[in-house]
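Coordinates from upload-v7.txt are shown below (compact mmCIF, N, CA and C atoms and all ligand atoms).
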```txt
# COMPACT_ATOMS: atom_id res chain seq x y z
N MET A 15 -31.23 162.35 344.09
CA MET A 15 -31.20 162.68 342.67
C MET A 15 -29.83 162.28 342.09
N PRO A 16 -29.82 161.57 340.96
CA PRO A 16 -28.54 161.20 340.38
C PRO A 16 -27.78 162.43 339.87
N PRO A 17 -26.45 162.37 339.85
CA PRO A 17 -25.67 163.56 339.48
C PRO A 17 -25.96 164.08 338.07
N GLU A 18 -26.36 163.22 337.16
CA GLU A 18 -26.62 163.67 335.79
C GLU A 18 -28.01 164.28 335.61
N ALA A 19 -28.83 164.27 336.67
CA ALA A 19 -30.17 164.87 336.59
C ALA A 19 -30.06 166.37 336.82
N SER A 20 -30.96 167.12 336.22
CA SER A 20 -30.97 168.56 336.43
C SER A 20 -32.26 168.96 337.13
N LEU A 21 -32.27 170.15 337.68
CA LEU A 21 -33.41 170.59 338.49
C LEU A 21 -34.69 170.73 337.69
N ASP A 22 -34.57 170.91 336.39
CA ASP A 22 -35.80 171.05 335.59
C ASP A 22 -36.39 169.71 335.17
N MET A 23 -35.75 168.61 335.55
CA MET A 23 -36.31 167.30 335.24
C MET A 23 -37.40 166.94 336.24
N ARG A 24 -38.34 166.13 335.79
CA ARG A 24 -39.42 165.73 336.68
C ARG A 24 -39.17 164.31 337.18
N ARG A 25 -39.44 164.11 338.46
CA ARG A 25 -39.23 162.82 339.12
C ARG A 25 -40.43 161.93 338.86
N VAL A 26 -40.18 160.74 338.29
CA VAL A 26 -41.26 159.80 337.99
C VAL A 26 -40.91 158.45 338.63
N VAL A 27 -41.77 157.96 339.51
CA VAL A 27 -41.55 156.66 340.11
C VAL A 27 -42.04 155.59 339.13
N ALA A 28 -41.10 154.76 338.69
CA ALA A 28 -41.43 153.73 337.70
C ALA A 28 -41.99 152.48 338.35
N GLY A 29 -41.63 152.21 339.58
CA GLY A 29 -42.08 151.00 340.27
C GLY A 29 -41.09 150.67 341.38
N THR A 30 -41.32 149.53 341.99
CA THR A 30 -40.41 149.09 343.04
C THR A 30 -39.29 148.24 342.44
N VAL A 31 -38.21 148.09 343.18
CA VAL A 31 -37.12 147.24 342.70
C VAL A 31 -37.58 145.77 342.63
N GLU A 32 -38.55 145.40 343.47
CA GLU A 32 -39.08 144.03 343.39
C GLU A 32 -39.90 143.83 342.12
N GLU A 33 -40.49 144.89 341.62
CA GLU A 33 -41.33 144.80 340.43
C GLU A 33 -40.48 144.74 339.15
N ILE A 34 -39.44 145.54 339.09
CA ILE A 34 -38.59 145.58 337.88
C ILE A 34 -37.31 144.82 338.21
N THR A 35 -37.43 143.52 338.20
CA THR A 35 -36.32 142.64 338.57
C THR A 35 -35.34 142.50 337.40
N PRO A 36 -34.16 141.91 337.65
CA PRO A 36 -33.19 141.75 336.56
C PRO A 36 -33.80 141.09 335.33
N GLU A 37 -33.44 141.62 334.19
CA GLU A 37 -33.87 141.19 332.86
C GLU A 37 -35.32 141.54 332.56
N ARG A 38 -35.93 142.39 333.40
CA ARG A 38 -37.30 142.84 333.10
C ARG A 38 -37.28 144.30 332.66
N ARG A 39 -38.40 144.72 332.11
CA ARG A 39 -38.56 146.12 331.70
C ARG A 39 -39.98 146.56 331.98
N LYS A 40 -40.17 147.86 331.99
CA LYS A 40 -41.51 148.40 332.19
C LYS A 40 -41.61 149.68 331.37
N ILE A 41 -42.72 149.82 330.66
CA ILE A 41 -42.96 151.05 329.91
C ILE A 41 -43.82 151.95 330.79
N ILE A 42 -43.36 153.17 331.00
CA ILE A 42 -44.09 154.09 331.87
C ILE A 42 -44.50 155.35 331.11
N VAL A 43 -45.47 156.01 331.63
CA VAL A 43 -46.03 157.29 331.20
C VAL A 43 -46.28 157.48 329.70
N PRO A 44 -46.81 156.46 329.01
CA PRO A 44 -47.29 156.78 327.67
C PRO A 44 -48.56 157.62 327.79
N PHE A 45 -48.75 158.58 326.93
CA PHE A 45 -49.96 159.40 327.01
C PHE A 45 -50.26 160.01 325.65
N ARG A 46 -51.52 160.13 325.34
CA ARG A 46 -52.01 160.78 324.12
C ARG A 46 -51.13 160.50 322.91
N GLY A 47 -50.88 159.24 322.68
CA GLY A 47 -50.10 158.88 321.51
C GLY A 47 -48.60 159.03 321.67
N ARG A 48 -48.17 159.62 322.78
CA ARG A 48 -46.72 159.74 322.97
C ARG A 48 -46.17 158.42 323.48
N ALA A 49 -44.90 158.25 323.32
CA ALA A 49 -44.31 156.94 323.42
C ALA A 49 -44.06 156.45 324.83
N GLY A 50 -43.83 157.33 325.75
CA GLY A 50 -43.46 156.91 327.09
C GLY A 50 -41.98 156.63 327.21
N ILE A 51 -41.64 155.98 328.30
CA ILE A 51 -40.24 155.71 328.64
C ILE A 51 -40.12 154.24 329.00
N GLY A 52 -39.10 153.58 328.47
CA GLY A 52 -38.83 152.20 328.82
C GLY A 52 -37.78 152.15 329.93
N VAL A 53 -38.12 151.46 331.02
CA VAL A 53 -37.19 151.31 332.14
C VAL A 53 -36.72 149.86 332.14
N PHE A 54 -35.41 149.67 332.05
CA PHE A 54 -34.82 148.33 331.94
C PHE A 54 -33.96 148.02 333.15
N ASN A 55 -33.99 146.77 333.57
CA ASN A 55 -33.06 146.28 334.58
C ASN A 55 -32.10 145.33 333.88
N VAL A 56 -30.86 145.76 333.75
CA VAL A 56 -29.83 144.94 333.10
C VAL A 56 -28.87 144.48 334.19
N ALA A 57 -29.01 143.23 334.60
CA ALA A 57 -28.13 142.64 335.62
C ALA A 57 -28.06 143.50 336.88
N GLY A 58 -29.20 144.04 337.27
CA GLY A 58 -29.27 144.80 338.51
C GLY A 58 -29.04 146.29 338.37
N CYS A 59 -28.69 146.76 337.18
CA CYS A 59 -28.53 148.19 336.94
C CYS A 59 -29.73 148.68 336.12
N TYR A 60 -30.20 149.86 336.45
CA TYR A 60 -31.41 150.38 335.80
C TYR A 60 -31.05 151.45 334.77
N TYR A 61 -31.80 151.40 333.66
CA TYR A 61 -31.61 152.36 332.57
C TYR A 61 -32.99 152.77 332.05
N ALA A 62 -33.09 154.01 331.59
CA ALA A 62 -34.35 154.49 331.03
C ALA A 62 -34.10 155.10 329.66
N LEU A 63 -34.90 154.67 328.69
CA LEU A 63 -34.78 155.14 327.31
C LEU A 63 -36.14 155.64 326.86
N ARG A 64 -36.13 156.65 326.01
CA ARG A 64 -37.39 157.07 325.41
C ARG A 64 -37.89 155.95 324.51
N ASN A 65 -39.17 155.66 324.62
CA ASN A 65 -39.75 154.57 323.83
C ASN A 65 -40.11 155.06 322.43
N LEU A 66 -39.12 155.65 321.78
CA LEU A 66 -39.35 156.23 320.46
C LEU A 66 -38.06 156.08 319.66
N CYS A 67 -38.09 155.18 318.71
CA CYS A 67 -36.90 154.91 317.92
C CYS A 67 -36.53 156.12 317.06
N PRO A 68 -35.26 156.55 317.10
CA PRO A 68 -34.88 157.71 316.29
C PRO A 68 -34.82 157.41 314.79
N HIS A 69 -34.99 156.17 314.40
CA HIS A 69 -34.99 155.86 312.97
C HIS A 69 -36.30 156.32 312.33
N LYS A 70 -37.41 155.66 312.67
CA LYS A 70 -38.71 156.03 312.08
C LYS A 70 -39.80 156.07 313.15
N LEU A 71 -39.39 156.32 314.40
CA LEU A 71 -40.32 156.56 315.51
C LEU A 71 -41.09 155.32 315.95
N GLY A 72 -40.51 154.15 315.78
CA GLY A 72 -41.13 152.92 316.26
C GLY A 72 -41.04 152.82 317.79
N PRO A 73 -41.83 151.89 318.37
CA PRO A 73 -41.84 151.70 319.83
C PRO A 73 -40.62 150.89 320.29
N LEU A 74 -39.48 151.53 320.26
CA LEU A 74 -38.20 150.85 320.48
C LEU A 74 -38.18 149.97 321.72
N CYS A 75 -38.67 150.46 322.83
CA CYS A 75 -38.50 149.75 324.11
C CYS A 75 -39.37 148.51 324.24
N THR A 76 -40.25 148.28 323.28
CA THR A 76 -41.05 147.06 323.30
C THR A 76 -40.34 145.94 322.53
N GLY A 77 -39.19 146.22 321.97
CA GLY A 77 -38.50 145.25 321.14
C GLY A 77 -37.78 144.18 321.95
N ARG A 78 -37.26 143.21 321.22
CA ARG A 78 -36.56 142.08 321.83
C ARG A 78 -35.25 142.53 322.46
N VAL A 79 -34.99 142.04 323.66
CA VAL A 79 -33.73 142.32 324.35
C VAL A 79 -32.82 141.11 324.21
N SER A 80 -31.58 141.36 323.81
CA SER A 80 -30.65 140.25 323.60
C SER A 80 -29.23 140.77 323.71
N GLY A 81 -28.31 140.05 323.09
CA GLY A 81 -26.93 140.50 323.03
C GLY A 81 -26.53 140.69 321.59
N ARG A 82 -25.23 140.76 321.35
CA ARG A 82 -24.71 140.90 319.99
C ARG A 82 -24.03 139.61 319.58
N VAL A 83 -24.24 139.25 318.33
CA VAL A 83 -23.57 138.07 317.79
C VAL A 83 -22.21 138.49 317.27
N VAL A 84 -21.19 137.75 317.67
CA VAL A 84 -19.83 138.02 317.21
C VAL A 84 -19.36 136.82 316.40
N ALA A 85 -18.95 137.08 315.17
CA ALA A 85 -18.46 135.99 314.32
C ALA A 85 -17.43 136.57 313.36
N ASP A 86 -16.46 135.77 312.99
CA ASP A 86 -15.42 136.19 312.06
C ASP A 86 -15.79 135.93 310.61
N ALA A 87 -16.91 135.24 310.40
CA ALA A 87 -17.29 134.88 309.04
C ALA A 87 -18.81 134.86 308.95
N PRO A 88 -19.36 134.96 307.74
CA PRO A 88 -20.82 134.88 307.59
C PRO A 88 -21.33 133.50 307.98
N PRO A 89 -22.64 133.39 308.34
CA PRO A 89 -23.18 132.11 308.79
C PRO A 89 -22.98 130.97 307.79
N SER A 90 -22.91 131.28 306.47
CA SER A 90 -22.78 130.21 305.47
C SER A 90 -21.45 129.47 305.57
N VAL A 91 -20.42 130.12 306.13
CA VAL A 91 -19.11 129.46 306.23
C VAL A 91 -18.69 129.26 307.68
N TYR A 92 -19.54 129.70 308.59
CA TYR A 92 -19.16 129.64 309.99
C TYR A 92 -19.54 128.28 310.58
N ALA A 93 -18.63 127.62 311.18
CA ALA A 93 -18.91 126.32 311.81
C ALA A 93 -19.06 126.53 313.31
N GLY A 94 -20.08 125.96 313.88
CA GLY A 94 -20.28 126.07 315.31
C GLY A 94 -21.21 127.22 315.66
N GLU A 95 -21.37 127.40 316.95
CA GLU A 95 -22.28 128.42 317.45
C GLU A 95 -21.58 129.77 317.46
N PRO A 96 -22.27 130.83 317.02
CA PRO A 96 -21.66 132.14 317.12
C PRO A 96 -21.58 132.59 318.58
N GLU A 97 -20.62 133.41 318.88
CA GLU A 97 -20.48 133.93 320.24
C GLU A 97 -21.46 135.09 320.44
N ILE A 98 -22.14 135.09 321.57
CA ILE A 98 -23.05 136.19 321.90
C ILE A 98 -22.45 136.96 323.07
N VAL A 99 -22.27 138.26 322.87
CA VAL A 99 -21.68 139.10 323.91
C VAL A 99 -22.71 140.13 324.37
N ARG A 100 -22.50 140.63 325.57
CA ARG A 100 -23.35 141.68 326.15
C ARG A 100 -24.83 141.26 326.16
N ASP A 101 -25.07 140.02 326.51
CA ASP A 101 -26.44 139.51 326.53
C ASP A 101 -27.29 140.32 327.50
N GLY A 102 -28.46 140.76 327.05
CA GLY A 102 -29.37 141.54 327.88
C GLY A 102 -29.14 143.03 327.82
N GLU A 103 -28.13 143.49 327.06
CA GLU A 103 -27.81 144.92 327.01
C GLU A 103 -28.25 145.60 325.71
N ILE A 104 -28.82 144.82 324.81
CA ILE A 104 -29.17 145.36 323.49
C ILE A 104 -30.67 145.20 323.27
N VAL A 105 -31.34 146.29 322.84
CA VAL A 105 -32.76 146.19 322.48
C VAL A 105 -32.87 146.41 320.97
N ARG A 106 -33.72 145.58 320.37
CA ARG A 106 -33.89 145.62 318.91
C ARG A 106 -35.26 146.20 318.59
N CYS A 107 -35.29 147.30 317.88
CA CYS A 107 -36.56 147.94 317.54
C CYS A 107 -37.44 146.96 316.75
N PRO A 108 -38.71 146.84 317.12
CA PRO A 108 -39.57 145.86 316.43
C PRO A 108 -39.91 146.25 314.99
N TRP A 109 -39.71 147.50 314.61
CA TRP A 109 -40.13 147.91 313.26
C TRP A 109 -39.11 147.51 312.18
N HIS A 110 -37.85 147.88 312.33
CA HIS A 110 -36.86 147.57 311.29
C HIS A 110 -35.63 146.87 311.87
N LEU A 111 -35.73 146.47 313.13
CA LEU A 111 -34.72 145.63 313.79
C LEU A 111 -33.38 146.32 314.02
N TRP A 112 -33.36 147.63 314.03
CA TRP A 112 -32.13 148.32 314.40
C TRP A 112 -31.86 148.07 315.88
N GLU A 113 -30.60 147.93 316.24
CA GLU A 113 -30.23 147.62 317.61
C GLU A 113 -29.69 148.86 318.32
N PHE A 114 -30.00 148.93 319.62
CA PHE A 114 -29.55 150.04 320.46
C PHE A 114 -29.00 149.49 321.77
N ASP A 115 -27.95 150.15 322.24
CA ASP A 115 -27.34 149.81 323.52
C ASP A 115 -28.20 150.39 324.64
N ILE A 116 -28.77 149.52 325.46
CA ILE A 116 -29.65 149.97 326.54
C ILE A 116 -28.88 150.84 327.54
N THR A 117 -27.61 150.58 327.72
CA THR A 117 -26.86 151.26 328.77
C THR A 117 -26.51 152.72 328.44
N ASN A 118 -26.57 153.08 327.15
CA ASN A 118 -26.24 154.48 326.82
C ASN A 118 -27.05 155.05 325.64
N GLY A 119 -27.96 154.25 325.08
CA GLY A 119 -28.82 154.75 324.01
C GLY A 119 -28.19 154.75 322.63
N GLN A 120 -26.95 154.33 322.51
CA GLN A 120 -26.25 154.38 321.23
C GLN A 120 -26.84 153.37 320.23
N CYS A 121 -27.08 153.83 319.02
CA CYS A 121 -27.53 152.94 317.95
C CYS A 121 -26.33 152.16 317.43
N LEU A 122 -26.49 150.86 317.26
CA LEU A 122 -25.38 150.03 316.79
C LEU A 122 -25.36 149.93 315.27
N VAL A 123 -26.40 150.41 314.62
CA VAL A 123 -26.47 150.37 313.16
C VAL A 123 -25.88 151.66 312.58
N ASP A 124 -26.27 152.78 313.15
CA ASP A 124 -25.80 154.08 312.69
C ASP A 124 -25.16 154.81 313.87
N PRO A 125 -23.83 154.95 313.87
CA PRO A 125 -23.16 155.54 315.03
C PRO A 125 -23.54 157.00 315.29
N LYS A 126 -24.17 157.65 314.32
CA LYS A 126 -24.58 159.05 314.54
C LYS A 126 -25.93 159.13 315.25
N MET A 127 -26.57 158.00 315.44
CA MET A 127 -27.91 157.98 316.00
C MET A 127 -27.91 157.47 317.44
N ARG A 128 -28.75 158.05 318.24
CA ARG A 128 -28.84 157.69 319.65
C ARG A 128 -30.27 157.94 320.12
N VAL A 129 -30.78 157.06 320.97
CA VAL A 129 -32.10 157.29 321.55
C VAL A 129 -31.91 158.07 322.85
N LYS A 130 -32.88 158.89 323.16
CA LYS A 130 -32.79 159.72 324.36
C LYS A 130 -32.79 158.84 325.61
N THR A 131 -31.94 159.17 326.56
CA THR A 131 -31.87 158.44 327.83
C THR A 131 -32.19 159.39 328.98
N TYR A 132 -32.51 158.80 330.12
CA TYR A 132 -32.86 159.59 331.30
C TYR A 132 -32.11 159.03 332.51
N PRO A 133 -31.71 159.88 333.43
CA PRO A 133 -31.09 159.39 334.67
C PRO A 133 -32.08 158.56 335.49
N VAL A 134 -31.55 157.56 336.15
CA VAL A 134 -32.37 156.68 337.01
C VAL A 134 -31.68 156.58 338.36
N ALA A 135 -32.47 156.56 339.42
CA ALA A 135 -31.94 156.37 340.77
C ALA A 135 -32.83 155.40 341.52
N ILE A 136 -32.26 154.73 342.50
CA ILE A 136 -33.05 153.90 343.42
C ILE A 136 -33.22 154.73 344.69
N GLU A 137 -34.48 154.98 345.04
CA GLU A 137 -34.79 155.80 346.20
C GLU A 137 -35.82 155.08 347.06
N ASP A 138 -35.42 154.69 348.26
CA ASP A 138 -36.32 153.99 349.18
C ASP A 138 -36.99 152.78 348.53
N GLY A 139 -36.21 152.00 347.80
CA GLY A 139 -36.73 150.79 347.20
C GLY A 139 -37.53 151.01 345.93
N HIS A 140 -37.56 152.24 345.44
CA HIS A 140 -38.28 152.54 344.22
C HIS A 140 -37.31 152.92 343.10
N VAL A 141 -37.68 152.53 341.88
CA VAL A 141 -36.92 152.92 340.70
C VAL A 141 -37.48 154.25 340.23
N VAL A 142 -36.64 155.29 340.25
CA VAL A 142 -37.10 156.65 339.95
C VAL A 142 -36.38 157.16 338.71
N VAL A 143 -37.17 157.63 337.75
CA VAL A 143 -36.63 158.19 336.51
C VAL A 143 -36.73 159.72 336.61
N TYR A 144 -35.65 160.40 336.21
CA TYR A 144 -35.66 161.86 336.13
C TYR A 144 -35.79 162.23 334.67
N ALA A 145 -37.01 162.65 334.31
CA ALA A 145 -37.35 162.77 332.89
C ALA A 145 -37.53 164.22 332.47
N ASP A 146 -37.32 164.43 331.18
CA ASP A 146 -37.59 165.74 330.56
C ASP A 146 -39.10 165.97 330.59
N PRO A 147 -39.59 167.05 331.18
CA PRO A 147 -41.04 167.28 331.23
C PRO A 147 -41.69 167.29 329.85
N ALA A 148 -40.93 167.62 328.80
CA ALA A 148 -41.50 167.62 327.45
C ALA A 148 -41.91 166.22 327.00
N ASP A 149 -41.38 165.20 327.64
CA ASP A 149 -41.70 163.82 327.26
C ASP A 149 -42.76 163.21 328.18
N LEU A 150 -43.34 164.02 329.04
CA LEU A 150 -44.29 163.53 330.05
C LEU A 150 -45.65 164.19 329.87
N PRO A 151 -46.69 163.54 330.40
CA PRO A 151 -48.00 164.19 330.38
C PRO A 151 -47.96 165.48 331.21
N PRO A 152 -48.78 166.45 330.87
CA PRO A 152 -48.81 167.68 331.68
C PRO A 152 -49.27 167.36 333.10
N GLN A 153 -48.72 168.08 334.07
CA GLN A 153 -49.14 167.88 335.45
C GLN A 153 -50.48 168.56 335.68
N PRO A 154 -51.31 167.98 336.57
CA PRO A 154 -52.59 168.62 336.87
C PRO A 154 -52.34 170.05 337.36
N GLY A 155 -53.08 170.98 336.80
CA GLY A 155 -52.94 172.37 337.20
C GLY A 155 -51.71 173.03 336.64
N GLY A 156 -50.92 172.30 335.82
CA GLY A 156 -49.69 172.88 335.32
C GLY A 156 -49.75 173.38 333.91
S1 LIG B 201 -38.32 152.61 313.52
FE1 LIG B 201 -36.93 151.60 314.74
S2 LIG B 201 -35.60 150.59 313.38
FE2 LIG B 201 -36.94 151.70 312.15
```
Show me the file's structure as structure tokens.
Amino acid sequence: MPPEASLDMRRVVAGTVEEITPERRKIIVPFRGRAGIGVFNVAGCYYALRNLCPHKLGPLCTGRVSGRVVADAPPSVYAGEPEIVRDGEIVRCPWHLWEFDITNGQCLVDPKMRVKTYPVAIEDGHVVVYADPADLPPQPGG
């Protein structure tokens, strides 16, 4: 169990490390209209975000993954290619294109906004998410 996980979190196996290879993602445990959790592999490190954009509840984790464009001037006066930094670490919500840092859930448009994140561990070759039970389907008999 990762140190940031608590005992009341539920262990969810997202897949094998061979399945969620670098630069891939997988959406797990969507149920009854709830959003599920997006599990991302960013250069060999795993991150899990709630698939629910805090802006207007769009399916954030299904959005385009890219980096950030860095430029000193607007495109109309900029000569040459803009620099792209942190490639593969930013997910863009498909609804209104707000960007979020996959590694910590921070919104890059509104610094007061953040998407919920979950601890992830690699256990016996499996990618395991420690999730808030409120974001998961009820357990049988529970
Ligand atoms: S719902 Fe995600 S940016 Fe608006």
What is the atom CA of A:Ala145 to atom CA of A:Arg78 distance in Å?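 Computed distance, atom CA of A:Ala145 to atom CA of A:Arg78, equals 23.5 Å.
For the choices A:Gly72, A:Gly139, A:Pro44, A:Pro147, the atom-to-atom distance to A:Glu32 is smallest for A:Gly139 when using only N, CA and C atoms.
Proximity of A:Pro88, A:Gly52, A:Pro16, A:Pro108 to A:Gly29, computed with only C-alpha atoms, is greatest for A:Gly52.
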Using all atoms listed in the file, determine which residues fall within 6.5 Å of ligand LIG 201 (chain B), then list them as a PyMOL selection string. chain A and resi 67-74+107-113
One decimal, in Å: what's the spacing between atom N of A:Gly81 and atom CA of A:Val105? 7.6 Å
Using only C-alpha atoms, which residues sit within 10 Å of A:Arg25 once same-chain residues fewer than 3 positions away are excluded, as a list in words?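 Non-adjacent residues within range: Met15, Ala19, Leu21, Asp22, Ala28, Pro133, Val134, Ala135, Val142, Val143, Tyr144, Ala145, Asp146 and Pro147 of chain A.
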Just write the chosen residues, N, CA and C atoms, as a short mmCIF file (atom, residue, chain, number, x, y, z; two decimals), in the frame of the given file.
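Below is the file that was written, result.cif:
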```
data_model
loop_
_atom_site.label_atom_id
_atom_site.label_comp_id
_atom_site.auth_asym_id
_atom_site.auth_seq_id
_atom_site.Cartn_x
_atom_site.Cartn_y
_atom_site.Cartn_z
N MET A 15 -31.23 162.35 344.09
CA MET A 15 -31.20 162.68 342.67
C MET A 15 -29.83 162.28 342.09
N ALA A 19 -28.83 164.27 336.67
CA ALA A 19 -30.17 164.87 336.59
C ALA A 19 -30.06 166.37 336.82
N LEU A 21 -32.27 170.15 337.68
CA LEU A 21 -33.41 170.59 338.49
C LEU A 21 -34.69 170.73 337.69
N ASP A 22 -34.57 170.91 336.39
CA ASP A 22 -35.80 171.05 335.59
C ASP A 22 -36.39 169.71 335.17
N ALA A 28 -41.10 154.76 338.69
CA ALA A 28 -41.43 153.73 337.70
C ALA A 28 -41.99 152.48 338.35
N PRO A 133 -31.71 159.88 333.43
CA PRO A 133 -31.09 159.39 334.67
C PRO A 133 -32.08 158.56 335.49
N VAL A 134 -31.55 157.56 336.15
CA VAL A 134 -32.37 156.68 337.01
C VAL A 134 -31.68 156.58 338.36
N ALA A 135 -32.47 156.56 339.42
CA ALA A 135 -31.94 156.37 340.77
C ALA A 135 -32.83 155.40 341.52
N VAL A 142 -36.64 155.29 340.25
CA VAL A 142 -37.10 156.65 339.95
C VAL A 142 -36.38 157.16 338.71
N VAL A 143 -37.17 157.63 337.75
CA VAL A 143 -36.63 158.19 336.51
C VAL A 143 -36.73 159.72 336.61
N TYR A 144 -35.65 160.40 336.21
CA TYR A 144 -35.66 161.86 336.13
C TYR A 144 -35.79 162.23 334.67
N ALA A 145 -37.01 162.65 334.31
CA ALA A 145 -37.35 162.77 332.89
C ALA A 145 -37.53 164.22 332.47
N ASP A 146 -37.32 164.43 331.18
CA ASP A 146 -37.59 165.74 330.56
C ASP A 146 -39.10 165.97 330.59
N PRO A 147 -39.59 167.05 331.18
CA PRO A 147 -41.04 167.28 331.23
C PRO A 147 -41.69 167.29 329.85
#
```
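Looking only at chain A, the set that DSSP places in helix (DSSP H, G or I) from backbone geometry is Leu74, Cys75, Thr76, Pro147, Ala148 and Asp149 of chain A.
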Nearest residue to A:Pro151 from the set A:Phe45, A:Glu103, A:Gly119, A:Ala87 (distances using all atoms listed in the file): A:Phe45
Using only C-alpha atoms, pick whichever of A:Pro152, A:Ile136, A:Gln120, A:Tyr61 has the shortest atom-to-atom distance to A:Val27.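 Ranking A:Pro152, A:Ile136, A:Gln120, A:Tyr61 by distance to A:Val27, first place goes to A:Ile136.
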